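Reviewing the structure listed below.
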Amino acid sequence: MGLESLTSNSVETTSNGDMAKQVSSSPTGIGYVSLTTDFEANELTPVSYEGVNPTVETVNNGTYKLARPFSFVTRAGDFGSQEKEQLVAAFLDYLVNSTEGRQVVLAVGGIVDVGAGKPWSELKANHPIVDQDNSGITLKTGGSTSVDKTITAAVQSFIPMAGNFKFEPNHTGSGDGFKRTLGGEKDGANAIDIGFASRAFKSEETVASGLMSGEYAKDAVVVVVPVKNDAIKDLTKLDSWKFLVETLKHGQTLSKLSNR
């Protein structure tokens, strides 16, 4: 079976979940999703790349090459109160640097080095805000749908450790991570405190103007086919997949493809 070009049967998708749904619904469907995707529930088979299966272990040891960062950016200091700004800083320290935060991210599919983390009991000394009653503060996150599972788990684990603040996630796609913290929608109805992207931020997304930005984990980009399609098992068997692989590595959006 060969794939010579994109066909007129390709279909645009809007998110990681939509991609999974679109691919599984077509017998000849093929596309790419996050490693955090529940392949079994979506009736998908992950395809190996260069003979290596996509797993947390193979991404961490560098043998699986189709990886991408989970990136974040915050507002530029206009959080509405000093208390919320301090709470955002505390949460990101927990998420990025603590052993406990990394363990939570790993448990739900994010790829992190837990051993390089520090105990939260040490880090929390820099964040006295967590010892206050923060039930009047609402932390809003948004952006990538691929990070939703890891961020929701991390925030929920942090809430009882940080004064029982409220949490309002609204994840609609990586492009909205910057747009709703620092871009054109930062002061609109969908404004958020922390924006996420399942890729590196683009040069025109000026995240340096945010109070904080960085990466908290990695994810693998996984090519998937429906479980009933056993014709494609490894990308290296199809030379004409080179274009697809390079496109995925550069974070461009591809739609579902059909074979002819």
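For the structure tokens, the naming scheme is as follows: chains receive sequential letters (A, B, ...) according to their order of presentation, residues are indexed from 1 within each chain, and ligands are indexed from 1 in presentation order.
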Output as a short mmCIF file (atom, residue, chain, number, x, y, z; two decimals) with N, CA and C atoms, in the first residue's frame all residues of region 105-257 of chain A that backbone DSSP marks as strand (DSSP E).
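Listing of states.cif after writing:
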data_model
loop_
_atom_site.label_atom_id
_atom_site.label_comp_id
_atom_site.auth_asym_id
_atom_site.auth_seq_id
_atom_site.Cartn_x
_atom_site.Cartn_y
_atom_site.Cartn_z
N THR A 138 -10.28 32.19 41.46
CA THR A 138 -10.54 31.21 40.40
C THR A 138 -9.37 31.23 39.42
N LEU A 139 -8.72 30.10 39.28
CA LEU A 139 -7.61 29.95 38.33
C LEU A 139 -8.18 29.46 37.00
N LYS A 140 -7.93 30.23 35.94
CA LYS A 140 -8.45 29.89 34.62
C LYS A 140 -7.32 29.45 33.69
N THR A 141 -7.49 28.29 33.07
CA THR A 141 -6.50 27.80 32.11
C THR A 141 -7.18 27.54 30.77
N GLY A 142 -6.37 27.50 29.71
CA GLY A 142 -6.92 27.24 28.39
C GLY A 142 -5.81 26.96 27.40
N GLY A 143 -6.20 26.86 26.15
CA GLY A 143 -5.25 26.53 25.09
C GLY A 143 -5.40 25.10 24.65
N LYS A 166 -10.60 27.90 43.31
CA LYS A 166 -11.49 27.32 42.30
C LYS A 166 -10.74 27.20 40.97
N PHE A 167 -11.22 26.30 40.13
CA PHE A 167 -10.53 26.00 38.87
C PHE A 167 -11.52 26.03 37.73
N GLU A 168 -11.16 26.74 36.65
CA GLU A 168 -12.04 26.87 35.49
C GLU A 168 -11.24 26.62 34.21
N PRO A 169 -11.20 25.38 33.73
CA PRO A 169 -10.48 25.08 32.48
C PRO A 169 -11.36 25.35 31.27
N ASN A 170 -10.73 25.81 30.18
CA ASN A 170 -11.45 26.04 28.93
C ASN A 170 -10.46 25.83 27.79
N HIS A 171 -10.21 24.56 27.48
CA HIS A 171 -9.18 24.20 26.51
C HIS A 171 -9.80 23.95 25.14
N ILE A 194 -3.42 31.19 32.57
CA ILE A 194 -2.31 30.40 32.02
C ILE A 194 -2.77 29.77 30.72
N GLY A 195 -2.00 29.98 29.67
CA GLY A 195 -2.32 29.39 28.38
C GLY A 195 -1.33 28.30 28.02
N PHE A 196 -1.81 27.26 27.37
CA PHE A 196 -0.96 26.11 27.05
C PHE A 196 -0.98 25.82 25.55
N ALA A 197 0.14 25.27 25.07
CA ALA A 197 0.23 24.81 23.68
C ALA A 197 0.94 23.46 23.68
N SER A 213 6.84 31.80 31.39
CA SER A 213 6.61 30.91 30.26
C SER A 213 7.65 29.81 30.30
N GLY A 214 7.36 28.70 29.63
CA GLY A 214 8.31 27.59 29.62
C GLY A 214 7.66 26.31 29.16
N GLU A 215 8.24 25.18 29.53
CA GLU A 215 7.71 23.86 29.21
C GLU A 215 7.61 23.05 30.49
N TYR A 216 6.58 22.22 30.60
CA TYR A 216 6.44 21.42 31.82
C TYR A 216 6.51 19.92 31.56
N ALA A 217 6.42 19.51 30.29
CA ALA A 217 6.46 18.08 29.97
C ALA A 217 6.65 17.93 28.47
N LYS A 218 6.80 16.69 28.05
CA LYS A 218 6.82 16.38 26.63
C LYS A 218 5.66 15.45 26.31
N ASP A 219 5.36 15.40 25.05
CA ASP A 219 4.34 14.48 24.56
C ASP A 219 4.86 13.87 23.28
N ALA A 220 4.39 12.70 22.95
CA ALA A 220 4.73 12.11 21.67
C ALA A 220 3.60 12.35 20.68
N VAL A 221 3.96 12.72 19.49
CA VAL A 221 3.00 12.79 18.40
C VAL A 221 2.91 11.39 17.82
N VAL A 222 1.73 10.82 17.83
CA VAL A 222 1.55 9.42 17.44
C VAL A 222 0.64 9.34 16.22
N VAL A 223 1.14 8.71 15.17
CA VAL A 223 0.30 8.45 14.00
C VAL A 223 -0.61 7.27 14.33
N VAL A 224 -1.89 7.41 14.04
CA VAL A 224 -2.87 6.38 14.38
C VAL A 224 -3.72 5.99 13.19
N VAL A 225 -4.19 4.75 13.24
CA VAL A 225 -5.13 4.23 12.26
C VAL A 225 -6.23 3.50 13.02
N PRO A 226 -7.38 3.26 12.42
CA PRO A 226 -8.44 2.50 13.09
C PRO A 226 -7.94 1.09 13.42
#
For Thr37 (chain A), list every protein, DNA or RNA residue within 9 Å, evaluated using only C-alpha atoms, and leave out those in the same chain fewer than 5 positions away; present the list as a PyMOL selection string. chain A and resi 16-17+20+42+109+146
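Those residues of region 5-65 of chain A that DSSP, working from the backbone, places in alpha helix (DSSP H) are Asn16, Gly17, Asp18, Met19, Ala20, Lys21, Gln22, Val23, Ser24, Val56, Glu57, Thr58, Val59 and Asn60 of chain A.
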Neighbouring residues of Ala189 (chain A) were defined as those with any atom within 12 Å, considering only C-alpha atoms; residues of the same chain fewer than 3 positions away were excluded. Please report them as a compact mmCIF listing (two decimals) with C-alpha atoms, in the first residue's frame.
# COMPACT_ATOMS: atom_id res chain seq x y z
CA LYS A 140 -8.45 29.89 34.62
CA ASN A 170 -11.45 26.04 28.93
CA ARG A 180 -6.27 34.46 25.55
CA THR A 181 -3.37 35.39 27.85
CA GLY A 184 -6.31 39.65 21.01
CA GLU A 185 -8.65 37.84 23.40
CA LYS A 186 -6.77 38.47 26.66
CA ILE A 192 -7.37 32.99 30.98
Residue with the minimum atom-to-atom distance to Val155 (chain A), picked from A:Gly62, A:Ser24, A:Asp38, A:Val104 with only C-alpha atoms counted, is A:Val104
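The closest residue to Gly210 (chain A), picked from A:Pro128, A:Gly115, A:Pro46, A:Gly177 and counting only C-alpha atoms, is A:Gly177.
Interatomic distance, CA of Gly188 (chain A) to CA of Ser174 (chain A): 17.4 Å.
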Write out as a list in words which residues come within 12 Å of Val227 (chain A) when counting only C-alpha atoms, dropping same-chain ones fewer than 3 positions away. Ala20, Val23, Ser24, Ser25, Ser26, Pro27, Thr28, Gly29, Ile30, Phe39, Glu40, Ala41, Asn42, Glu43, Leu44, Thr45, Pro46, Val47, Val224, Asp230, Ala231, Ile232 and Lys233 of chain A
Exercise: region 90-97 of chain A partners within 8 Å, only C-alpha atoms, chain neighbours under 4 positions left out, as a PDB file with N, CA and C atoms, in the first residue's frame:
ATOM      1  N   GLN A  86       0.363  35.484  42.667  1.00  0.00           N
ATOM      2  CA  GLN A  86       1.198  34.630  43.514  1.00  0.00           C
ATOM      3  C   GLN A  86       0.753  33.178  43.447  1.00  0.00           C
ATOM      4  N   GLY A 101       4.249  17.162  41.622  1.00  0.00           N
ATOM      5  CA  GLY A 101       3.596  17.635  40.402  1.00  0.00           C
ATOM      6  C   GLY A 101       3.968  16.794  39.200  1.00  0.00           C
ATOM      7  N   ARG A 102       5.232  16.452  39.097  1.00  0.00           N
ATOM      8  CA  ARG A 102       5.687  15.623  37.975  1.00  0.00           C
ATOM      9  C   ARG A 102       5.083  14.221  38.035  1.00  0.00           C
ATOM     10  N   GLY A 117      12.875  16.178  39.968  1.00  0.00           N
ATOM     11  CA  GLY A 117      12.051  17.114  40.721  1.00  0.00           C
ATOM     12  C   GLY A 117      12.517  17.298  42.154  1.00  0.00           C
ATOM     13  N   LYS A 118      11.976  18.323  42.805  1.00  0.00           N
ATOM     14  CA  LYS A 118      12.274  18.603  44.204  1.00  0.00           C
ATOM     15  C   LYS A 118      11.002  18.442  45.032  1.00  0.00           C
ATOM     16  N   TRP A 120       7.844  19.162  47.171  1.00  0.00           N
ATOM     17  CA  TRP A 120       7.048  20.375  47.304  1.00  0.00           C
ATOM     18  C   TRP A 120       7.246  21.009  48.671  1.00  0.00           C
ATOM     19  N   LEU A 123       9.868  23.556  48.075  1.00  0.00           N
ATOM     20  CA  LEU A 123       9.504  24.645  47.167  1.00  0.00           C
ATOM     21  C   LEU A 123       8.437  25.568  47.746  1.00  0.00           C
ATOM     22  N   LYS A 124       7.530  25.017  48.558  1.00  0.00           N
ATOM     23  CA  LYS A 124       6.399  25.811  49.042  1.00  0.00           C
ATOM     24  C   LYS A 124       6.831  26.946  49.966  1.00  0.00           C
ATOM     25  N   HIS A 127       6.360  30.253  48.552  1.00  0.00           N
ATOM     26  CA  HIS A 127       4.998  30.613  48.150  1.00  0.00           C
ATOM     27  C   HIS A 127       4.046  30.625  49.347  1.00  0.00           C
ATOM     28  N   ILE A 129       1.520  32.158  49.821  1.00  0.00           N
ATOM     29  CA  ILE A 129       0.124  32.270  49.395  1.00  0.00           C
ATOM     30  C   ILE A 129      -0.619  30.955  49.578  1.00  0.00           C
ATOM     31  N   VAL A 130       0.068  29.825  49.516  1.00  0.00           N
ATOM     32  CA  VAL A 130      -0.613  28.524  49.587  1.00  0.00           C
ATOM     33  C   VAL A 130      -1.148  28.236  50.975  1.00  0.00           C
ATOM     34  N   ALA A 154      -3.118  17.922  37.540  1.00  0.00           N
ATOM     35  CA  ALA A 154      -2.163  18.668  38.366  1.00  0.00           C
ATOM     36  C   ALA A 154      -2.875  19.721  39.210  1.00  0.00           C
ATOM     37  N   VAL A 155      -3.792  20.452  38.607  1.00  0.00           N
ATOM     38  CA  VAL A 155      -4.519  21.485  39.359  1.00  0.00           C
ATOM     39  C   VAL A 155      -5.346  20.850  40.468  1.00  0.00           C
ATOM     40  N   PHE A 158      -3.382  20.016  43.362  1.00  0.00           N
ATOM     41  CA  PHE A 158      -2.810  21.188  44.024  1.00  0.00           C
ATOM     42  C   PHE A 158      -3.830  21.968  44.837  1.00  0.00           C
ATOM     43  N   GLU A 215       8.239  25.176  29.532  1.00  0.00           N
ATOM     44  CA  GLU A 215       7.708  23.858  29.208  1.00  0.00           C
ATOM     45  C   GLU A 215       7.606  23.052  30.492  1.00  0.00           C
ATOM     46  N   TYR A 216       6.584  22.219  30.601  1.00  0.00           N
ATOM     47  CA  TYR A 216       6.439  21.417  31.818  1.00  0.00           C
ATOM     48  C   TYR A 216       6.509  19.917  31.556  1.00  0.00           C
ATOM     49  N   ALA A 217       6.421  19.514  30.292  1.00  0.00           N
ATOM     50  CA  ALA A 217       6.460  18.084  29.965  1.00  0.00           C
ATOM     51  C   ALA A 217       6.650  17.935  28.473  1.00  0.00           C
TER      52      ALA A 217
END
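Rounded to one decimal, CA of Ser203 (chain A) and CA of Thr74 (chain A) lie 16.3 Å from each other.
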Which residues come within 12 Å of Asn61 (chain A), counting only C-alpha atoms, excluding same-chain residues fewer than 3 positions away, as a compact mmCIF listing (two decimals) with N, CA and C atoms, in the first residue's frame?
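Once written, around33.txt looks like this:
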# COMPACT_ATOMS: atom_id res chain seq x y z
N VAL A 52 10.16 1.89 16.37
CA VAL A 52 10.05 2.14 17.81
C VAL A 52 8.62 2.51 18.15
N PRO A 54 5.61 4.18 20.34
CA PRO A 54 5.51 5.40 21.15
C PRO A 54 5.10 5.09 22.59
N THR A 55 6.01 5.29 23.53
CA THR A 55 5.74 5.10 24.96
C THR A 55 6.47 6.18 25.74
N VAL A 56 6.12 6.32 27.01
CA VAL A 56 6.82 7.27 27.88
C VAL A 56 8.30 6.94 27.91
N GLU A 57 8.63 5.68 28.02
CA GLU A 57 10.03 5.26 28.13
C GLU A 57 10.82 5.60 26.87
N THR A 58 10.24 5.34 25.69
CA THR A 58 10.99 5.57 24.46
C THR A 58 11.14 7.06 24.14
N TYR A 64 12.29 7.28 20.50
CA TYR A 64 11.12 7.65 19.71
C TYR A 64 11.23 9.14 19.41
N LYS A 65 11.29 9.47 18.13
CA LYS A 65 11.70 10.81 17.71
C LYS A 65 10.57 11.81 17.51
N ALA A 67 8.47 13.68 19.12
CA ALA A 67 8.06 14.27 20.40
C ALA A 67 7.84 15.76 20.24
N ILE A 111 5.04 13.24 29.75
CA ILE A 111 6.37 12.66 29.79
C ILE A 111 7.30 13.61 30.53
N VAL A 112 7.76 13.20 31.71
CA VAL A 112 8.59 14.02 32.57
C VAL A 112 9.65 13.16 33.25
N ASP A 113 10.67 13.81 33.78
CA ASP A 113 11.70 13.13 34.55
C ASP A 113 11.39 13.38 36.03
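Distances here use only C-alpha atoms; by that measure, the residue among A:Asp176, A:Glu83, A:Asp193, A:Asp133 closest to Glu205 (chain A) is A:Asp176.
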Of A:Lys149, A:Lys84, A:Lys228, A:Arg199, the one nearest to Phe72 (chain A) when counting only C-alpha atoms is A:Arg199
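In this structure, CA of Val108 (chain A) sits 27.0 Å away from CA of Asp131 (chain A).
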If you count only C-alpha atoms, which residues fall within 6 Å of Asn164 (chain A), apart from same-chain ones fewer than 4 positions away, as a ChimeraX atom specification? /A:134-135,159-160
Give me a file of those residues, with C-alpha atoms, as a PDB file, in the first residue's frame.
ATOM      1  CA  ASN A 134      -7.851  31.052  48.505  1.00  0.00           C
ATOM      2  CA  SER A 135     -11.418  29.890  48.011  1.00  0.00           C
ATOM      3  CA  ILE A 159      -6.133  22.698  45.131  1.00  0.00           C
ATOM      4  CA  PRO A 160      -6.183  21.198  48.670  1.00  0.00           C
TER       5      PRO A 160
END
